[in-house]
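File shown: entry.txt (compact mmCIF, C-alpha atoms).
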```txt
# COMPACT_ATOMS: atom_id res chain seq x y z
CA MET L 1 0.00 0.00 0.00
CA GLY L 2 1.23 3.48 -0.80
CA ARG L 3 1.90 5.89 2.00
CA ARG L 4 -0.78 8.57 2.39
CA ARG L 5 0.44 12.07 1.76
CA ALA L 6 -0.21 14.64 4.44
CA ARG L 7 -2.85 17.12 3.33
CA ILE L 8 -1.77 20.73 3.08
CA PRO L 9 -4.33 22.99 4.83
CA GLU L 10 -6.51 24.60 2.17
CA VAL L 11 -5.82 28.11 3.43
CA LEU L 12 -2.13 27.73 2.53
CA HIS L 13 -3.16 27.57 -1.14
CA ASN L 14 -4.03 31.24 -0.67
CA ARG L 15 -0.76 32.84 -1.81
CA ASN L 16 -1.17 36.02 0.21
CA PHE L 17 -1.91 34.19 3.43
CA ALA L 18 0.92 31.72 2.84
CA LEU L 19 3.37 34.62 2.54
CA TYR L 20 1.95 36.32 5.65
CA TYR L 21 2.06 33.06 7.60
CA THR L 22 5.66 32.35 6.64
CA GLY L 23 6.82 35.81 7.70
CA GLN L 24 4.85 35.75 10.94
CA SER L 25 6.11 32.30 11.92
CA LEU L 26 9.68 33.54 11.57
CA SER L 27 9.15 36.84 13.42
CA ILE L 28 7.31 35.17 16.32
CA LEU L 29 10.19 32.74 16.70
CA GLY L 30 12.50 35.76 16.82
CA ASP L 31 10.40 37.36 19.54
CA ALA L 32 10.54 34.14 21.58
CA ILE L 33 14.34 34.24 21.31
CA VAL L 34 14.54 37.89 22.37
CA ALA L 35 12.58 37.33 25.57
CA VAL L 36 15.56 35.33 26.87
CA ALA L 37 18.31 37.32 25.12
CA LEU L 38 17.28 40.66 26.65
CA ALA L 39 17.48 39.20 30.16
CA PHE L 40 21.08 38.12 29.66
CA ALA L 41 21.94 41.34 27.83
CA VAL L 42 20.86 43.42 30.81
CA LEU L 43 22.67 41.13 33.24
CA ASP L 44 25.83 41.38 31.13
CA LEU L 45 25.63 45.14 31.59
CA GLY L 46 25.92 44.57 35.33
CA ARG L 47 22.28 45.49 35.97
CA GLY L 48 19.67 43.67 38.03
CA ALA L 49 16.00 42.76 37.94
CA GLY L 50 14.82 46.37 38.21
CA ALA L 51 16.70 47.35 35.06
CA LEU L 52 15.40 44.31 33.20
CA GLY L 53 11.86 45.24 34.20
CA LEU L 54 12.42 48.74 32.80
CA VAL L 55 13.65 47.39 29.47
CA LEU L 56 10.74 44.96 29.16
CA ALA L 57 8.22 47.63 30.15
CA ALA L 58 9.60 49.90 27.43
CA GLY L 59 8.57 47.30 24.87
CA ILE L 60 5.05 46.95 26.33
CA ALA L 61 4.11 50.53 27.23
CA PRO L 62 3.72 51.86 23.64
CA GLY L 63 1.28 49.05 22.91
CA VAL L 64 -0.99 50.16 25.74
CA LEU L 65 -0.70 53.85 24.85
CA LEU L 66 -0.84 53.69 21.05
CA VAL L 67 -2.76 50.57 20.04
CA LEU L 68 -6.04 52.50 19.64
CA VAL L 69 -4.37 55.01 17.33
CA GLY L 70 -2.82 52.08 15.49
CA GLY L 71 -6.28 50.66 14.88
CA VAL L 72 -7.53 53.96 13.41
CA VAL L 73 -4.53 54.24 11.07
CA ALA L 74 -4.83 50.59 9.99
CA ASP L 75 -8.46 51.10 8.94
CA ARG L 76 -7.55 54.09 6.74
CA ILE L 77 -4.54 52.94 4.71
CA GLU L 78 -3.50 49.72 3.02
CA ARG L 79 -2.82 47.29 5.85
CA ARG L 80 -0.12 45.36 4.01
CA ARG L 81 2.01 48.48 3.47
CA LEU L 82 1.62 49.58 7.09
CA MET L 83 2.75 46.15 8.28
CA VAL L 84 5.79 46.26 6.00
CA VAL L 85 6.76 49.62 7.52
CA CYS L 86 6.28 48.22 11.04
CA ASP L 87 8.45 45.21 10.22
CA LEU L 88 11.21 47.44 8.82
CA VAL L 89 11.13 49.66 11.91
CA ARG L 90 11.40 46.61 14.16
CA PHE L 91 14.20 45.25 11.99
CA GLY L 92 16.08 48.50 12.54
CA SER L 93 15.52 48.61 16.30
CA GLN L 94 16.53 44.99 16.88
CA ALA L 95 19.51 45.23 14.56
CA ALA L 96 20.71 48.36 16.37
CA GLN L 97 20.41 46.63 19.74
CA GLY L 98 22.23 43.60 18.41
CA VAL L 99 25.11 45.65 16.99
CA LEU L 100 25.46 47.72 20.18
CA LEU L 101 25.55 44.59 22.31
CA TRP L 102 27.91 42.76 19.94
CA THR L 103 30.39 45.65 19.90
CA GLY L 104 30.13 46.37 23.63
CA HIS L 105 28.61 49.85 23.19
CA ALA L 106 25.15 49.10 24.58
CA THR L 107 23.86 51.01 27.60
CA LEU L 108 20.68 50.65 29.62
CA LEU L 109 19.39 53.89 28.09
CA SER L 110 20.02 52.71 24.53
CA LEU L 111 18.19 49.44 25.17
CA VAL L 112 15.21 51.26 26.71
CA LEU L 113 14.97 53.74 23.81
CA LEU L 114 15.24 51.05 21.15
CA GLN L 115 12.64 48.92 22.93
CA LEU L 116 10.33 51.93 22.87
CA VAL L 117 10.81 52.07 19.09
CA TRP L 118 10.09 48.34 18.81
CA GLY L 119 6.98 48.64 20.99
CA THR L 120 5.65 51.58 18.96
CA ALA L 121 5.85 49.60 15.73
CA ALA L 122 4.25 46.60 17.44
CA ALA L 123 1.36 48.80 18.62
CA PHE L 124 0.49 49.53 14.98
CA PHE L 125 1.22 46.02 13.74
CA ARG L 126 -1.10 44.10 16.11
CA PRO L 127 -4.51 45.52 15.11
CA THR L 128 -3.41 45.76 11.49
CA SER L 129 -2.61 42.05 11.27
CA THR L 130 -6.04 41.07 12.61
CA GLY L 131 -7.68 43.06 9.84
CA LEU L 132 -5.29 41.82 7.19
CA VAL L 133 -6.09 38.16 7.82
CA ALA L 134 -9.82 38.91 7.58
CA GLU L 135 -9.15 40.86 4.38
CA TRP L 136 -7.16 38.13 2.67
CA VAL L 137 -8.82 34.92 3.87
CA GLU L 138 -12.30 33.67 2.99
CA PRO L 139 -14.70 33.53 6.00
CA ASP L 140 -14.88 29.72 6.06
CA ARG L 141 -11.06 29.49 6.08
CA LEU L 142 -10.50 31.97 8.92
CA GLN L 143 -10.56 29.33 11.65
CA GLN L 144 -7.94 27.34 9.78
CA ALA L 145 -5.81 30.45 9.28
CA ASN L 146 -6.00 31.41 12.96
CA GLY L 147 -5.32 27.83 13.95
CA LEU L 148 -2.12 27.75 11.92
CA VAL L 149 -0.93 31.09 13.28
CA GLY L 150 -1.73 30.06 16.84
CA LEU L 151 0.03 26.73 16.41
CA SER L 152 3.15 28.48 15.10
CA ASP L 153 3.08 30.91 18.03
CA ASN L 154 2.86 28.10 20.55
CA LEU L 155 5.63 26.11 18.90
CA ALA L 156 7.82 29.21 18.72
CA TYR L 157 7.50 29.95 22.42
CA THR L 158 8.16 26.28 23.18
CA VAL L 159 11.42 26.01 21.21
CA GLY L 160 12.43 29.69 21.18
CA PRO L 161 14.04 29.76 24.64
CA ALA L 162 16.17 26.73 23.74
CA VAL L 163 17.31 28.37 20.51
CA ALA L 164 18.10 31.53 22.44
CA GLY L 165 20.16 29.55 24.93
CA VAL L 166 22.28 28.09 22.13
CA LEU L 167 22.82 31.48 20.44
CA ILE L 168 23.75 33.14 23.73
CA ALA L 169 26.06 30.31 24.82
CA VAL L 170 27.84 29.95 21.47
CA LEU L 171 27.85 33.61 20.43
CA SER L 172 26.26 36.36 22.57
CA PRO L 173 22.94 38.05 23.45
CA GLY L 174 23.73 40.49 20.65
CA ALA L 175 23.70 37.64 18.14
CA ALA L 176 20.23 36.64 19.33
CA LEU L 177 18.98 40.22 18.78
CA LEU L 178 20.49 40.22 15.29
CA ALA L 179 18.74 36.93 14.54
CA ASP L 180 15.45 38.51 15.61
CA ALA L 181 16.12 41.47 13.32
CA LEU L 182 16.55 39.12 10.37
CA THR L 183 13.16 37.55 11.06
CA PHE L 184 11.50 40.97 10.77
CA ALA L 185 13.33 41.57 7.50
CA ALA L 186 12.04 38.22 6.22
CA SER L 187 8.49 39.14 7.26
CA ALA L 188 8.74 42.47 5.44
CA VAL L 189 9.93 40.74 2.27
CA ALA L 190 7.14 38.16 2.47
CA LEU L 191 4.45 40.83 2.86
CA SER L 192 5.96 42.86 0.01
CA LEU L 193 5.55 39.89 -2.31
CA ALA L 194 1.80 39.64 -1.61
CA ARG L 195 -0.78 41.05 -4.00
CA PRO L 196 -3.85 43.18 -3.12
CA ALA L 197 -6.86 40.94 -2.59
CA VAL L 198 -10.32 41.32 -4.11
CA ARG L 199 -11.84 41.74 -0.66
CA THR L 200 -9.72 44.87 -0.19
CA ALA L 201 -12.36 46.71 -2.25
CA VAL L 202 -14.86 46.22 0.56
CA ARG L 203 -12.63 48.11 2.95
CA ALA L 204 -11.65 50.74 0.39
CA ALA L 205 -15.22 52.06 0.31
CA GLY L 206 -15.13 52.51 4.06
CA ASP L 207 -11.74 54.20 3.84
CA SER L 208 -12.88 56.81 1.33
CA ALA L 209 -15.98 57.58 3.38
CA SER L 210 -13.99 58.25 6.53
CA ALA L 211 -10.73 59.62 5.11
CA SER L 212 -11.40 63.12 6.40
CA ALA L 213 -12.57 62.04 9.84
CA SER L 214 -10.48 62.96 12.85
CA VAL L 215 -8.64 60.41 14.93
CA LEU L 216 -11.12 61.01 17.74
CA ARG L 217 -14.03 60.34 15.42
CA GLY L 218 -12.33 57.19 14.21
CA LEU L 219 -11.89 56.04 17.80
CA ALA L 220 -15.54 56.81 18.54
CA GLU L 221 -16.68 54.78 15.53
CA GLY L 222 -14.55 51.85 16.61
CA TRP L 223 -15.86 52.09 20.16
CA GLN L 224 -19.46 52.08 18.94
CA GLU L 225 -18.84 48.94 16.91
CA PHE L 226 -17.15 47.33 19.91
CA ARG L 227 -19.76 48.18 22.53
CA SER L 228 -22.74 47.32 20.30
CA ARG L 229 -21.89 43.62 20.43
CA THR L 230 -22.55 42.01 23.80
CA TRP L 231 -20.72 38.82 22.86
CA LEU L 232 -17.60 40.82 22.08
CA TRP L 233 -17.28 43.10 25.08
CA SER L 234 -18.37 40.36 27.48
CA MET L 235 -15.61 38.03 26.26
CA VAL L 236 -13.08 40.87 26.46
CA LEU L 237 -14.26 41.59 30.02
CA TRP L 238 -13.69 37.92 30.87
CA ALA L 239 -10.24 38.07 29.29
CA ALA L 240 -9.44 41.13 31.42
CA THR L 241 -10.21 39.15 34.59
CA PHE L 242 -8.03 36.32 33.31
CA HIS L 243 -5.08 38.68 32.83
CA LEU L 244 -5.70 40.49 36.12
CA LEU L 245 -6.15 37.43 38.33
CA ALA L 246 -5.49 34.01 36.83
CA LEU L 247 -2.42 34.48 34.62
CA PRO L 248 -0.46 36.65 37.14
CA SER L 249 -1.18 34.07 39.84
CA VAL L 250 0.45 31.39 37.69
CA LEU L 251 3.38 33.51 36.49
CA VAL L 252 4.22 35.12 39.82
CA LEU L 253 3.04 32.69 42.52
CA GLY L 254 3.66 29.49 40.56
CA PRO L 255 7.47 29.71 40.67
CA ALA L 256 7.32 30.58 44.38
CA VAL L 257 5.26 27.46 45.13
CA ALA L 258 7.61 25.37 42.99
CA LYS L 259 10.62 26.66 44.92
CA SER L 260 9.14 26.16 48.38
CA ASP L 261 7.17 22.92 47.91
CA LEU L 262 7.86 21.17 44.61
CA GLY L 263 11.64 20.97 44.35
CA GLY L 264 12.66 24.23 42.72
CA ALA L 265 13.40 25.40 39.19
CA SER L 266 13.37 21.95 37.60
CA ALA L 267 9.81 21.37 38.78
CA TRP L 268 8.65 24.71 37.41
CA ALA L 269 10.43 24.06 34.12
CA ALA L 270 8.49 20.79 33.75
CA ILE L 271 5.21 22.55 34.54
CA ALA L 272 5.92 25.34 32.05
CA ALA L 273 6.91 22.81 29.39
CA CYS L 274 3.63 20.95 29.84
CA SER L 275 1.70 24.21 29.57
CA GLY L 276 3.45 24.89 26.26
CA LEU L 277 2.75 21.36 25.08
CA GLY L 278 -0.91 21.83 25.96
CA ALA L 279 -1.01 25.00 23.90
CA VAL L 280 0.36 23.08 20.91
CA VAL L 281 -2.26 20.36 21.39
CA GLY L 282 -4.98 23.00 21.68
CA GLY L 283 -3.76 24.59 18.47
CA VAL L 284 -4.00 21.26 16.65
CA ILE L 285 -7.53 20.70 17.96
CA ALA L 286 -8.62 24.19 16.92
CA LEU L 287 -7.07 23.67 13.50
CA ARG L 288 -9.15 20.55 12.86
CA TYR L 289 -12.37 20.89 14.88
CA ARG L 290 -14.94 23.25 13.36
CA PRO L 291 -17.68 23.94 15.92
CA ARG L 292 -21.08 25.29 14.94
CA PHE L 293 -20.96 27.80 17.79
CA LEU L 294 -17.50 29.35 17.95
CA LEU L 295 -17.38 30.76 21.48
CA ARG L 296 -19.48 28.09 23.20
CA ALA L 297 -16.87 25.51 22.19
CA THR L 298 -14.28 27.33 24.37
CA PHE L 299 -16.23 27.77 27.61
CA VAL L 300 -15.42 24.46 29.32
CA PRO L 301 -11.79 24.26 28.06
CA LEU L 302 -11.22 27.78 29.42
CA GLY L 303 -12.65 26.85 32.80
CA LEU L 304 -10.26 23.93 33.11
CA TYR L 305 -7.40 26.45 33.40
CA GLY L 306 -8.48 26.68 37.03
CA LEU L 307 -7.26 23.13 37.72
CA GLN L 308 -3.65 24.32 37.58
CA LEU L 309 -4.32 27.10 40.08
CA VAL L 310 -6.07 24.77 42.50
CA ALA L 311 -3.30 22.18 42.16
CA LEU L 312 -0.71 24.84 43.02
CA ALA L 313 -2.77 25.96 46.01
CA VAL L 314 -2.84 22.47 47.57
CA PRO L 315 0.03 22.02 46.49
CA ALA L 316 -0.26 18.76 44.56
CA ARG L 317 2.69 16.77 43.27
CA THR L 318 4.64 18.19 40.36
CA ALA L 319 3.23 15.60 37.95
CA VAL L 320 -0.34 16.57 38.89
CA VAL L 321 0.33 20.29 38.51
CA ALA L 322 2.05 19.66 35.17
CA GLY L 323 -0.91 17.62 33.93
CA ALA L 324 -3.31 20.39 34.96
CA ALA L 325 -1.08 22.95 33.23
CA LEU L 326 -1.22 20.89 30.03
CA VAL L 327 -5.04 20.88 30.15
CA GLY L 328 -5.07 24.63 30.80
CA GLY L 329 -2.80 25.28 27.85
CA VAL L 330 -5.21 23.41 25.58
CA GLY L 331 -8.12 25.62 26.61
CA VAL L 332 -6.34 28.95 26.18
CA ALA L 333 -5.02 27.99 22.74
CA MET L 334 -8.50 26.93 21.58
CA PHE L 335 -10.01 30.18 22.84
CA ASN L 336 -7.49 32.33 20.98
CA VAL L 337 -8.25 30.63 17.66
CA TYR L 338 -12.04 30.58 17.95
CA PHE L 339 -12.32 34.08 19.40
CA TYR L 340 -10.25 35.73 16.67
CA THR L 341 -12.16 33.75 14.06
CA ALA L 342 -15.40 35.13 15.52
CA LEU L 343 -13.97 38.64 15.53
CA GLN L 344 -12.85 38.47 11.91
CA GLN L 345 -16.09 36.86 10.68
CA HIS L 346 -18.54 39.17 12.47
CA ILE L 347 -16.89 42.62 12.36
CA PRO L 348 -17.04 44.69 9.11
CA LEU L 349 -13.67 45.08 7.40
CA PRO L 350 -13.69 48.91 7.39
CA VAL L 351 -13.60 48.98 11.21
CA MET L 352 -11.87 45.67 11.87
CA SER L 353 -8.55 47.06 13.09
CA ARG L 354 -10.16 49.64 15.38
CA VAL L 355 -12.33 47.01 17.02
CA ALA L 356 -9.30 44.71 17.31
CA SER L 357 -7.37 47.49 19.05
CA TYR L 358 -10.13 47.90 21.66
CA GLU L 359 -10.17 44.13 22.11
CA TRP L 360 -6.41 43.97 22.61
CA LEU L 361 -6.33 46.89 25.04
CA GLY L 362 -9.29 45.65 27.06
CA SER L 363 -7.87 42.14 27.30
CA ILE L 364 -4.20 42.84 28.04
CA ALA L 365 -4.02 46.22 29.79
CA LEU L 366 -4.64 44.77 33.26
CA LEU L 367 -1.87 42.16 33.01
CA PRO L 368 0.92 44.42 34.36
CA VAL L 369 -1.46 45.57 37.11
CA GLY L 370 -2.10 41.98 38.10
CA GLN L 371 1.60 41.14 38.02
CA ALA L 372 2.36 44.10 40.27
CA LEU L 373 -0.42 43.40 42.79
CA VAL L 374 -0.61 39.62 43.09
CA GLY L 375 2.59 39.34 45.14
CA PRO L 376 1.68 41.99 47.76
CA VAL L 377 -1.90 40.66 48.01
CA ALA L 378 -0.61 37.12 48.55
CA ALA L 379 1.82 38.40 51.19
CA ALA L 380 -1.00 40.23 52.99
CA THR L 381 -3.35 37.23 52.83
CA SER L 382 -1.87 33.90 51.72
CA VAL L 383 -0.51 32.33 48.57
CA PRO L 384 -2.96 29.38 48.65
CA GLY L 385 -5.85 31.78 49.23
CA VAL L 386 -5.07 33.89 46.17
CA LEU L 387 -4.54 30.76 44.04
CA LEU L 388 -7.86 29.30 45.18
CA VAL L 389 -9.76 32.51 44.42
CA ALA L 390 -8.23 32.67 40.94
CA GLY L 391 -8.81 28.96 40.34
CA GLY L 392 -12.37 29.14 41.63
CA TRP L 393 -13.20 31.98 39.26
CA MET L 394 -11.83 30.06 36.31
CA LEU L 395 -13.77 26.92 37.21
CA VAL L 396 -17.12 28.75 37.48
CA SER L 397 -16.56 31.04 34.49
CA PRO L 398 -18.00 28.55 31.94
CA VAL L 399 -21.37 28.88 33.67
CA VAL L 400 -21.12 32.68 33.68
CA LEU L 401 -20.16 32.77 30.00
CA TYR L 402 -22.94 30.37 29.04
CA LEU L 403 -25.51 32.79 30.50
CA ILE L 404 -24.52 35.38 27.87
CA ARG L 405 -26.96 34.53 25.09
CA SER L 406 -25.19 36.29 22.24
CA ALA L 407 -21.88 34.63 23.17
CA ARG L 408 -23.19 31.08 23.42
CA ASN L 409 -25.24 31.42 20.20
CA LEU L 410 -22.61 33.07 17.99
CA ARG L 411 -22.32 30.92 14.87
CA ALA L 412 -19.45 30.34 12.51
CA LEU L 413 -20.11 31.90 9.10
CA ASP L 414 -19.87 30.23 5.72
CA ASP L 415 -18.12 31.61 2.66
CA SER L 416 -21.16 33.22 1.05
CA PRO L 417 -20.36 36.59 -0.58
CA GLY L 418 -20.41 39.39 1.96
CA ALA L 419 -21.44 37.04 4.77
CA ALA L 420 -19.29 38.61 7.43
CA GLU L 421 -20.20 42.17 6.50
CA ALA L 422 -23.91 41.42 6.21
CA ASP L 423 -24.01 39.66 9.54
CA ALA L 424 -22.18 42.42 11.36
CA ASP L 425 -24.03 45.33 9.72
CA ALA L 426 -27.54 43.92 9.59
CA THR L 427 -27.74 42.25 12.97
CA PRO L 428 -25.53 44.08 15.45
CA VAL L 429 -26.24 43.25 19.06
CA PRO L 430 -27.64 46.36 20.79
CA ALA L 431 -25.70 47.52 23.79
CA GLY L 432 -28.72 47.01 26.02
CA GLU L 433 -29.57 43.49 24.84
CA PRO L 434 -30.52 41.18 27.72
CA VAL L 435 -27.90 38.54 28.38
```
As structure tokens, please, write out the structure in this file.
Amino acid sequence: MGRRRARIPEVLHNRNFALYYTGQSLSILGDAIVAVALAFAVLDLGRGAGALGLVLAAGIAPGVLLVLVGGVVADRIERRRLMVVCDLVRFGSQAAQGVLLWTGHATLLSLVLLQLVWGTAAAFFRPTSTGLVAEWVEPDRLQQANGLVGLSDNLAYTVGPAVAGVLIAVLSPGAALLADALTFAASAVALSLARPAVRTAVRAAGDSASASASVLRGLAEGWQEFRSRTWLWSMVLWAATFHLLALPSVLVLGPAVAKSDLGGASAWAAIAACSGLGAVVGGVIALRYRPRFLLRATFVPLGLYGLQLVALAVPARTAVVAGAALVGGVGVAMFNVYFYTALQQHIPLPVMSRVASYEWLGSIALLPVGQALVGPVAAATSVPGVLLVAGGWMLVSPVVLYLIRSARNLRALDDSPGAAEADADATPVPAGEPV
């Protein structure tokens, strides 16, 4: 019998998406490398944890401050060209950091300033990419596209730290930054080779109608689209609680529990590795399983993230915590794919990037707050108490989410012409709809 050939996902036959996907897979791997390289770069400068926090914050702060403006800009000009510019800016910032570190001329100030440049470009890139995928990919292929991107992200952050360790050990942190710069150059080249899609015409009409509008008006239009859909803002509100309570509890309190009760760094490394493996498994599931109701399919898997928090609170044995972390990683990866598919299918293209910017800000903005507060709150109360509260919320959240009618009944769209735009424009969920 002949050996069966593996099927290539249909969405990869879309030339534009295939180019985008190739570039993004490389640049995400570069980002996963840099997360480790920057830590050693700062330490090599003779600085401590406070300085590292400042450098990392410099890369995040522009995203919080500028992502809404980035969404407005992305809805007014050709998204592909804006993303190429963002990639070239990030290529320049990472290459400059790499050269400065390689030649021994880097300072804390130079790293902070160049990370600010990188973060500014990222603030424009994030909402633009969400709109670009919706612009280039047919509605019934969006889940597959998001599944592939999510799978690549999870794989990158699983293998990226190991690649970074090799580059740093054999060469230097500067070499790792230079490698990241090359990935942004590759992404820019890939996007430059893409051709304008037919669906771009849908957005062009919206662009011409709003070309003279002010930034504030653009923000107001995006906000109206965001708030008019109960399923959207309710899921973003849930994501905000996840980033305020659950994720900081794992990232901050998890290592402390591992050190005091589970055997130290090796135990936490095993737990983190299982979480990454779970995310890969979740990405594979989301790539293949096409639910009728996009968001409802994620409710229970999301709730199972609480098992890890409860296991840490006990604390259970390392193997039990690692198994719970694997299950939690599956749920989060599935949610990311199905949620972004819902966003891209049900939001009109002319306002897609603005809505995506509100989604990103609402979901992520509380993460640094949670990271700053979870330690002091645990010290004032107890580590197990905080972990149990966070885990309890995650375990009951599927019931809460199921009560939101528009979220549990949101359907996946087919590839009929104009399906996404018609659904979003003709049947928006009023802000006051009962849930």
Within 9 Å of (-18.1, 46.5, 26.9) in the file's own coordinates, which protein, DNA or RNA residues have an atom, counting all atoms listed in the file? List them as an mmCIF file with C-alpha atoms, keeping the file's coordinate frame.
```cif
data_model
loop_
_atom_site.group_PDB
_atom_site.id
_atom_site.type_symbol
_atom_site.label_atom_id
_atom_site.label_comp_id
_atom_site.auth_asym_id
_atom_site.auth_seq_id
_atom_site.Cartn_x
_atom_site.Cartn_y
_atom_site.Cartn_z
ATOM 1 C CA PHE L 226 -17.150 47.330 19.910
ATOM 2 C CA ARG L 227 -19.760 48.180 22.530
ATOM 3 C CA SER L 228 -22.740 47.320 20.300
ATOM 4 C CA ARG L 229 -21.890 43.620 20.430
ATOM 5 C CA THR L 230 -22.550 42.010 23.800
ATOM 6 C CA LEU L 232 -17.600 40.820 22.080
ATOM 7 C CA TRP L 233 -17.280 43.100 25.080
ATOM 8 C CA SER L 234 -18.370 40.360 27.480
ATOM 9 C CA MET L 235 -15.610 38.030 26.260
ATOM 10 C CA VAL L 236 -13.080 40.870 26.460
ATOM 11 C CA LEU L 237 -14.260 41.590 30.020
ATOM 12 C CA GLY L 362 -9.290 45.650 27.060
ATOM 13 C CA ALA L 431 -25.700 47.520 23.790
#
```
Around the point (3.8, 37.0, 40.7) (coordinates from the file), which residues reach within 7 Å if we count only C-alpha atoms? Answer as a ChimeraX atom specification.
/L:248-249,251-253,371,374-375
Would you output that residue set with C-alpha atoms, as an mmCIF file, keeping the file's coordinate frame?
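Below is the file that was written, out_11.cif:
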```
data_model
loop_
_atom_site.group_PDB
_atom_site.id
_atom_site.type_symbol
_atom_site.label_atom_id
_atom_site.label_comp_id
_atom_site.auth_asym_id
_atom_site.auth_seq_id
_atom_site.Cartn_x
_atom_site.Cartn_y
_atom_site.Cartn_z
ATOM 1 C CA PRO L 248 -0.460 36.650 37.140
ATOM 2 C CA SER L 249 -1.180 34.070 39.840
ATOM 3 C CA LEU L 251 3.380 33.510 36.490
ATOM 4 C CA VAL L 252 4.220 35.120 39.820
ATOM 5 C CA LEU L 253 3.040 32.690 42.520
ATOM 6 C CA GLN L 371 1.600 41.140 38.020
ATOM 7 C CA VAL L 374 -0.610 39.620 43.090
ATOM 8 C CA GLY L 375 2.590 39.340 45.140
#
```
Could you give me, as a Markdown table, a per-residue list for stretch 127-200 of chain L showing, wherever an atom lies at most 9 Å from an atom of stretch 334-338 of chain L, the closest pair of atoms and their distance in Å to one decimal, using all atoms listed in the file and sorting by chain then residue number from low to high?
```
| residue | atom | partner | partner_atom | distance |
| --- | --- | --- | --- | --- |
| L:Gln143 | CA | L:Val337 | CA | 6.6 |
| L:Gln144 | CA | L:Val337 | CA | 8.5 |
| L:Ala145 | CA | L:Val337 | CA | 8.7 |
| L:Asn146 | CA | L:Val337 | CA | 5.3 |
| L:Gly147 | CA | L:Val337 | CA | 5.5 |
| L:Leu148 | CA | L:Val337 | CA | 8.9 |
| L:Val149 | CA | L:Val337 | CA | 8.5 |
| L:Gly150 | CA | L:Val337 | CA | 6.6 |
```
Give me the residues within 7 Å of stretch 98-114 of chain L as a list in words, counting all atoms listed in the file and dropping any in the same chain fewer than 5 places off.
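The contact residues come out as Val55, Ala58, Ser93, Gly174, Ala175, Leu177 and Leu178 of chain L.
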Restricted to C-alpha atoms, what would the selected residues look like written as a compact mmCIF listing (two decimals), in the frame of the given file?
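The file below, part17.txt, is the result:
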```txt
# COMPACT_ATOMS: atom_id res chain seq x y z
CA VAL L 55 13.65 47.39 29.47
CA ALA L 58 9.60 49.90 27.43
CA SER L 93 15.52 48.61 16.30
CA GLY L 174 23.73 40.49 20.65
CA ALA L 175 23.70 37.64 18.14
CA LEU L 177 18.98 40.22 18.78
CA LEU L 178 20.49 40.22 15.29
```
Interatomic distance (Å, one decimal) between atom CA of L:Thr22 and atom CA of L:Trp136:
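Computing the Euclidean distance for atom CA of L:Thr22 and atom CA of L:Trp136 yields 14.6 Å.
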Atom-to-atom span, atom CA of L:Ala246 and atom CA of L:Leu312, Å:
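Answer for the atom CA of L:Ala246 to atom CA of L:Leu312 separation: 12.1 Å.
When all atoms listed in the file are used to measure the gap to L:Leu302, the shortest distance among L:Trp393, L:Phe184, L:Phe91, L:Tyr21 belongs to L:Trp393.
Proximity ranking of L:Ala32, L:Val351, L:Leu43, L:Leu244 relative to L:Val73 places L:Val351 first, based on all atoms listed in the file.
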Looking at L:Val369, L:Val355, L:Leu219, L:Val399, which one is nearest to L:Thr298, with distances taken over only C-alpha atoms?
L:Val399
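Closest to L:Leu167 among L:Trp360, L:Phe40, L:Tyr305, L:Tyr340 is L:Phe40, based on all atoms listed in the file.
The coordinates place atom CA of L:Leu401 at 26.4 Å from atom CA of L:Leu68.
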Nearest to L:Gln24: which of L:Met83, L:Val137, L:Val400, L:Leu56 is it, counting only C-alpha atoms?
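Among the listed residues, the smallest separation from L:Gln24 belongs to L:Met83.
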Taking all atoms listed in the file into account, which of L:Asn154, L:Thr241, L:Ser357, L:Ser187 comes nearest L:Ala18?
L:Ser187
When you look at L:Val250 with a cut-off of 10 Å (counting all atoms listed in the file), what residues show up, excluding the ones that are within fewer than 4 positions of it in the same chain? I need them as an MDAnalysis selection string.
chainID L and resid 245:246 254:257 272 308:309 312 325 371 374 387 390:391
Could I see stretch 130-136 of chain L restored to N, CA and C atoms, set down as a compact mmCIF listing (two decimals), in the coordinates of the input?
```
# COMPACT_ATOMS: atom_id res chain seq x y z
N THR L 130 -4.72 41.67 12.46
CA THR L 130 -6.04 41.07 12.61
C THR L 130 -6.93 41.40 11.42
N GLY L 131 -6.90 42.66 11.00
CA GLY L 131 -7.68 43.06 9.84
C GLY L 131 -7.17 42.46 8.55
N LEU L 132 -5.86 42.34 8.43
CA LEU L 132 -5.29 41.82 7.19
C LEU L 132 -5.71 40.37 6.95
N VAL L 133 -5.68 39.55 7.99
CA VAL L 133 -6.09 38.16 7.82
C VAL L 133 -7.55 38.08 7.37
N ALA L 134 -8.42 38.89 7.99
CA ALA L 134 -9.82 38.91 7.58
C ALA L 134 -9.99 39.41 6.15
N GLU L 135 -9.09 40.29 5.73
CA GLU L 135 -9.15 40.86 4.38
C GLU L 135 -8.71 39.86 3.33
N TRP L 136 -7.75 39.03 3.64
CA TRP L 136 -7.16 38.13 2.67
C TRP L 136 -7.77 36.73 2.65
```
